[in-house]
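**Q** I have a structure here, written as structure tokens, and I will follow up with some questions on it.
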Number of protein chains: 2
Amino acid sequence: MNTAQTIHCELCKQSGGNVVWEDPDCRVVLVDGPEGNAFPGFCRVIWRQHVQEMGDLLPRQREHIMKIVFLTEMALRRLMRPDKINLASLGNMTPHLHWHVIPRWQDDSHFPAPIWAAPRREEPRRLRPERDAVHAAMTAALVEFFGANSPLVPPL
Amino acid sequence: MNTAQTIHCELCKQSGGNVVWEDPDCRVVLVDGPEGNAFPGFCRVIWRQHVQEMGDLLPRQREHIMKIVFLTEMALRRLMRPDKINLASLGNMTPHLHWHVIPRWQDDSHFPAPIWAAPRREEPRRLRPERDAVHAAMTAALVEFFGANSPLVPPL
């Protein structure tokens with residue numbers, strides 16, 4: 001961990017969104033900034049420690065965060081039935097390991113371009129999911145993923 | 001697998017780039033189109049079967065493709081020493097599961113924006129790695145990742 005980076009790092013200091021689920025290693029947040037408003041259901045899975053790349057994690061840590069990313073994908077698909085899921089770990093602006101999990105629809109503002117490209121149309125009005133709904137869908141996906149004896153207990 | 005999609009799917013019909021490495025489940029290609037020229041070392045990890053989302057794979061298949069994605073990341077970092085790695089599975093245009101593994105530099109054409117945003121400057125002249133160099137770096141990363149008894153034997 002680079003302490004200097006940690007002091008100035010947005011994701012070391014702030015949650016990065018509305019926390020849906022967390023464990024000692026990572027948290028899932030519903031993005032509540034301008035990006036989140038444009039893309040309903042946009043979640044981020046954020047590693048707790050300040051680490052830059054997936055390759056900087058231990059193999060079991062990589063496996064863990066990816067399980068949470070796929071769990072988030074499953075939860076969002078179940079809840080929102082998007083046409084596509086986009087997954088990305090970029091971190092050029094904030095080099096603190098995090099994954100974007102973005103439900104996409106064929107009529108959304110940017111489709112089929114990535115959300116970082118120029119918009120193509122106005123986003124239609126779409127219901128934004130609540131934190132509790134995403135949490136409940138994640139818990140269901142978690143039980144399906146790990147079985148009844150899930151090693152991960154979601155917070156109450 | 002959706003047969004209709006498979007017939008018209010670019011990644012079912014074509015390699016999608018210069019094949020660096022492959023096994024029965026997936027292949028790693030060096031992108032040799034316009035995107036590849038703009039971003040030296042840009043690789044894709046492509047699942048062989050026509051599957052749309054990571055959540056459509058079995059857990060062991062998800063684990064396998066992610067190992068190959070991280071192996072590609074390690075190989076590119078070793079070979080090119082980029083400032084950042086970008087990983088993304090989007091598939092809005094070609095909904096056949098594939099991962100982008102993109103070395104990024106602070107002086108590249110789009111940094112710190114994602115490569116799909118508007119460019120900010122001209123790309124400096126940078127050496128494009130050859131297929132064989134990426135293959136050799138991948139083999140080294142593979143041995144490091146899995147140990148000497150790697151279950152994955154790279155093709156000769």
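Chain labels run A, B, ... following the order of the structure tokens; each chain numbers its residues from 1, and ligands are numbered from 1 in the order shown.
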Please identify all polymer residues within 10 Å of His135 of chain B, counting only C-alpha atoms, omitting same-chain residues fewer than 2 positions from it, and present them as a count of residues only.
**A** 21
**Q** From a DSSP calculation on the backbone, collect every residue of segment 88-146 of chain A in strand (DSSP E or B) and output the set as a list in words.
**A**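 These are the residues in question: Ala88, Ser89, His98, Trp99, His100, Val101, Ile102, Pro103 and Arg104 of chain A.
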**Q** Please produce a file of the residues just selected, as a PDB file, in the first residue's frame, where the atoms kept are N, CA, C and O atoms.
**A**
```
ATOM      1  N   ALA A  88     -16.124  -3.484 -15.881  1.00  0.00           N
ATOM      2  CA  ALA A  88     -14.851  -2.823 -16.200  1.00  0.00           C
ATOM      3  C   ALA A  88     -14.103  -2.429 -14.943  1.00  0.00           C
ATOM      4  O   ALA A  88     -14.689  -1.950 -13.980  1.00  0.00           O
ATOM      5  N   SER A  89     -12.794  -2.655 -14.989  1.00  0.00           N
ATOM      6  CA  SER A  89     -11.895  -2.161 -13.954  1.00  0.00           C
ATOM      7  C   SER A  89     -10.872  -1.285 -14.663  1.00  0.00           C
ATOM      8  O   SER A  89     -10.003  -1.799 -15.367  1.00  0.00           O
ATOM      9  N   HIS A  98     -11.256  -1.013  -8.246  1.00  0.00           N
ATOM     10  CA  HIS A  98     -12.713  -1.075  -8.186  1.00  0.00           C
ATOM     11  C   HIS A  98     -13.243  -1.549  -9.530  1.00  0.00           C
ATOM     12  O   HIS A  98     -12.628  -1.330 -10.578  1.00  0.00           O
ATOM     13  N   TRP A  99     -14.396  -2.201  -9.480  1.00  0.00           N
ATOM     14  CA  TRP A  99     -15.063  -2.709 -10.687  1.00  0.00           C
ATOM     15  C   TRP A  99     -16.373  -1.979 -10.896  1.00  0.00           C
ATOM     16  O   TRP A  99     -17.147  -1.789  -9.961  1.00  0.00           O
ATOM     17  N   HIS A 100     -16.614  -1.592 -12.128  1.00  0.00           N
ATOM     18  CA  HIS A 100     -17.913  -1.053 -12.515  1.00  0.00           C
ATOM     19  C   HIS A 100     -18.790  -2.217 -12.984  1.00  0.00           C
ATOM     20  O   HIS A 100     -18.337  -3.032 -13.796  1.00  0.00           O
ATOM     21  N   VAL A 101     -19.998  -2.277 -12.487  1.00  0.00           N
ATOM     22  CA  VAL A 101     -20.978  -3.280 -12.939  1.00  0.00           C
ATOM     23  C   VAL A 101     -22.198  -2.486 -13.411  1.00  0.00           C
ATOM     24  O   VAL A 101     -22.902  -1.873 -12.591  1.00  0.00           O
ATOM     25  N   ILE A 102     -22.404  -2.462 -14.720  1.00  0.00           N
ATOM     26  CA  ILE A 102     -23.356  -1.508 -15.304  1.00  0.00           C
ATOM     27  C   ILE A 102     -24.422  -2.229 -16.129  1.00  0.00           C
ATOM     28  O   ILE A 102     -24.122  -2.815 -17.162  1.00  0.00           O
ATOM     29  N   PRO A 103     -25.683  -2.178 -15.670  1.00  0.00           N
ATOM     30  CA  PRO A 103     -26.763  -2.736 -16.502  1.00  0.00           C
ATOM     31  C   PRO A 103     -26.968  -1.827 -17.718  1.00  0.00           C
ATOM     32  O   PRO A 103     -26.983  -0.602 -17.586  1.00  0.00           O
ATOM     33  N   ARG A 104     -27.109  -2.437 -18.885  1.00  0.00           N
ATOM     34  CA  ARG A 104     -27.293  -1.661 -20.122  1.00  0.00           C
ATOM     35  C   ARG A 104     -28.571  -2.091 -20.842  1.00  0.00           C
ATOM     36  O   ARG A 104     -28.962  -3.255 -20.786  1.00  0.00           O
TER      37      ARG A 104
END
```
**Q** Provide as JSON, numbers by chain the residues of chain A at most 9 Å from chain B, counting only C-alpha atoms.
**A** {"A": [52, 53, 54, 55, 59, 62, 63, 66, 67, 70, 71, 73, 74, 83, 84, 85, 86, 87, 88, 89, 90, 91, 92, 93, 95, 104, 106, 111, 112, 113, 114, 115, 116, 117, 118, 145]}
**Q** Dump N, CA, C and O atoms for the selected residues as a compact mmCIF listing (two decimals), in the first residue's frame?
**A**
```txt
# COMPACT_ATOMS: atom_id res chain seq x y z
N GLN A 52 -3.54 -1.13 -6.73
CA GLN A 52 -3.82 -0.55 -8.05
C GLN A 52 -4.41 -1.54 -9.06
O GLN A 52 -5.40 -1.23 -9.72
N GLU A 53 -3.78 -2.69 -9.19
CA GLU A 53 -4.17 -3.61 -10.27
C GLU A 53 -4.66 -4.95 -9.70
O GLU A 53 -4.24 -5.36 -8.63
N MET A 54 -5.46 -5.66 -10.48
CA MET A 54 -5.89 -7.00 -10.10
C MET A 54 -4.66 -7.89 -9.86
O MET A 54 -4.65 -8.70 -8.93
N GLY A 55 -3.63 -7.72 -10.69
CA GLY A 55 -2.41 -8.52 -10.56
C GLY A 55 -1.63 -8.24 -9.28
O GLY A 55 -0.69 -8.97 -8.96
N PRO A 59 -3.81 -14.49 -5.42
CA PRO A 59 -4.82 -15.25 -6.19
C PRO A 59 -6.15 -15.41 -5.45
O PRO A 59 -7.22 -15.21 -6.03
N ARG A 62 -8.03 -12.13 -5.60
CA ARG A 62 -8.61 -11.93 -6.94
C ARG A 62 -9.90 -12.74 -7.09
O ARG A 62 -10.91 -12.24 -7.57
N GLU A 63 -9.82 -13.99 -6.65
CA GLU A 63 -10.98 -14.88 -6.75
C GLU A 63 -12.15 -14.30 -5.94
O GLU A 63 -13.29 -14.31 -6.39
N MET A 66 -13.73 -11.13 -7.61
CA MET A 66 -14.47 -11.49 -8.82
C MET A 66 -15.78 -12.19 -8.48
O MET A 66 -16.79 -11.98 -9.16
N LYS A 67 -15.77 -13.00 -7.43
CA LYS A 67 -17.03 -13.63 -7.01
C LYS A 67 -18.06 -12.56 -6.65
O LYS A 67 -19.24 -12.67 -6.99
N PHE A 70 -19.37 -10.92 -9.86
CA PHE A 70 -20.34 -11.76 -10.58
C PHE A 70 -21.66 -11.88 -9.82
O PHE A 70 -22.73 -11.98 -10.40
N LEU A 71 -21.55 -11.84 -8.51
CA LEU A 71 -22.73 -11.83 -7.65
C LEU A 71 -23.55 -10.55 -7.89
O LEU A 71 -24.78 -10.58 -7.97
N GLU A 73 -23.44 -8.77 -10.64
CA GLU A 73 -24.03 -8.95 -11.99
C GLU A 73 -25.33 -9.75 -11.90
O GLU A 73 -26.36 -9.34 -12.44
N MET A 74 -25.28 -10.88 -11.20
CA MET A 74 -26.46 -11.75 -11.10
C MET A 74 -27.62 -11.02 -10.42
O MET A 74 -28.76 -11.12 -10.85
N ASP A 83 -30.52 -5.59 -20.97
CA ASP A 83 -30.18 -6.30 -22.20
C ASP A 83 -28.74 -6.80 -22.17
O ASP A 83 -28.38 -7.75 -22.86
N LYS A 84 -27.90 -6.13 -21.38
CA LYS A 84 -26.47 -6.48 -21.34
C LYS A 84 -25.90 -6.01 -20.00
O LYS A 84 -26.44 -5.08 -19.40
N ILE A 85 -24.84 -6.67 -19.59
CA ILE A 85 -24.08 -6.20 -18.43
C ILE A 85 -22.70 -5.77 -18.92
O ILE A 85 -22.10 -6.46 -19.74
N ASN A 86 -22.23 -4.63 -18.45
CA ASN A 86 -20.85 -4.20 -18.74
C ASN A 86 -20.05 -4.27 -17.46
O ASN A 86 -20.47 -3.75 -16.41
N LEU A 87 -18.88 -4.90 -17.55
CA LEU A 87 -17.96 -5.00 -16.41
C LEU A 87 -16.66 -4.30 -16.78
O LEU A 87 -16.15 -4.52 -17.88
N ALA A 88 -16.12 -3.48 -15.88
CA ALA A 88 -14.85 -2.82 -16.20
C ALA A 88 -14.10 -2.43 -14.94
O ALA A 88 -14.69 -1.95 -13.98
N SER A 89 -12.79 -2.65 -14.99
CA SER A 89 -11.90 -2.16 -13.95
C SER A 89 -10.87 -1.29 -14.66
O SER A 89 -10.00 -1.80 -15.37
N LEU A 90 -11.02 0.02 -14.55
CA LEU A 90 -10.19 0.96 -15.28
C LEU A 90 -9.23 1.65 -14.31
O LEU A 90 -8.06 1.37 -14.28
N GLY A 91 -9.76 2.58 -13.49
CA GLY A 91 -8.93 3.17 -12.44
C GLY A 91 -7.87 4.13 -12.91
O GLY A 91 -6.89 4.37 -12.21
N ASN A 92 -8.06 4.73 -14.08
CA ASN A 92 -7.07 5.70 -14.57
C ASN A 92 -7.12 6.98 -13.74
O ASN A 92 -6.10 7.61 -13.48
N MET A 93 -8.33 7.37 -13.33
CA MET A 93 -8.50 8.59 -12.53
C MET A 93 -8.27 8.28 -11.05
O MET A 93 -7.67 9.07 -10.34
N PRO A 95 -6.72 5.32 -9.05
CA PRO A 95 -6.06 4.02 -9.13
C PRO A 95 -6.17 3.21 -7.84
O PRO A 95 -5.17 2.80 -7.24
N ARG A 104 -27.11 -2.44 -18.88
CA ARG A 104 -27.29 -1.66 -20.12
C ARG A 104 -28.57 -2.09 -20.84
O ARG A 104 -28.96 -3.25 -20.79
N GLN A 106 -30.86 -1.51 -24.65
CA GLN A 106 -30.67 -1.10 -26.04
C GLN A 106 -31.14 0.33 -26.29
O GLN A 106 -30.70 0.96 -27.25
N PHE A 111 -26.07 3.23 -25.71
CA PHE A 111 -26.00 1.90 -26.34
C PHE A 111 -25.90 2.02 -27.86
O PHE A 111 -26.59 2.85 -28.43
N PRO A 112 -25.07 1.21 -28.57
CA PRO A 112 -24.24 0.13 -28.03
C PRO A 112 -22.84 0.59 -27.60
O PRO A 112 -22.00 -0.25 -27.32
N ALA A 113 -22.61 1.90 -27.56
CA ALA A 113 -21.28 2.37 -27.15
C ALA A 113 -21.10 2.17 -25.64
O ALA A 113 -22.07 2.09 -24.89
N PRO A 114 -19.85 2.12 -25.19
CA PRO A 114 -19.60 2.11 -23.75
C PRO A 114 -20.10 3.41 -23.12
O PRO A 114 -20.24 4.42 -23.81
N ILE A 115 -20.35 3.41 -21.85
CA ILE A 115 -20.94 4.60 -21.21
C ILE A 115 -19.98 5.79 -21.20
O ILE A 115 -20.39 6.91 -20.94
N TRP A 116 -18.70 5.54 -21.52
CA TRP A 116 -17.71 6.62 -21.50
C TRP A 116 -17.60 7.33 -22.84
O TRP A 116 -16.87 8.30 -22.98
N ALA A 117 -18.29 6.80 -23.85
CA ALA A 117 -18.29 7.42 -25.18
C ALA A 117 -19.31 8.57 -25.18
O ALA A 117 -19.97 8.83 -24.17
N ALA A 118 -19.45 9.23 -26.32
CA ALA A 118 -20.42 10.32 -26.43
C ALA A 118 -21.84 9.72 -26.40
O ALA A 118 -22.07 8.65 -26.97
N PHE A 145 -25.15 -18.85 -5.40
CA PHE A 145 -23.75 -18.97 -5.82
C PHE A 145 -22.97 -19.89 -4.89
O PHE A 145 -22.24 -20.77 -5.33
```
**Q** Based on the backbone DSSP call, show me all residues of chain B assigned alpha helix (DSSP H), as a ChimeraX atom specification.
**A** /B:3-8,10-13,34-38,59-80,131-146
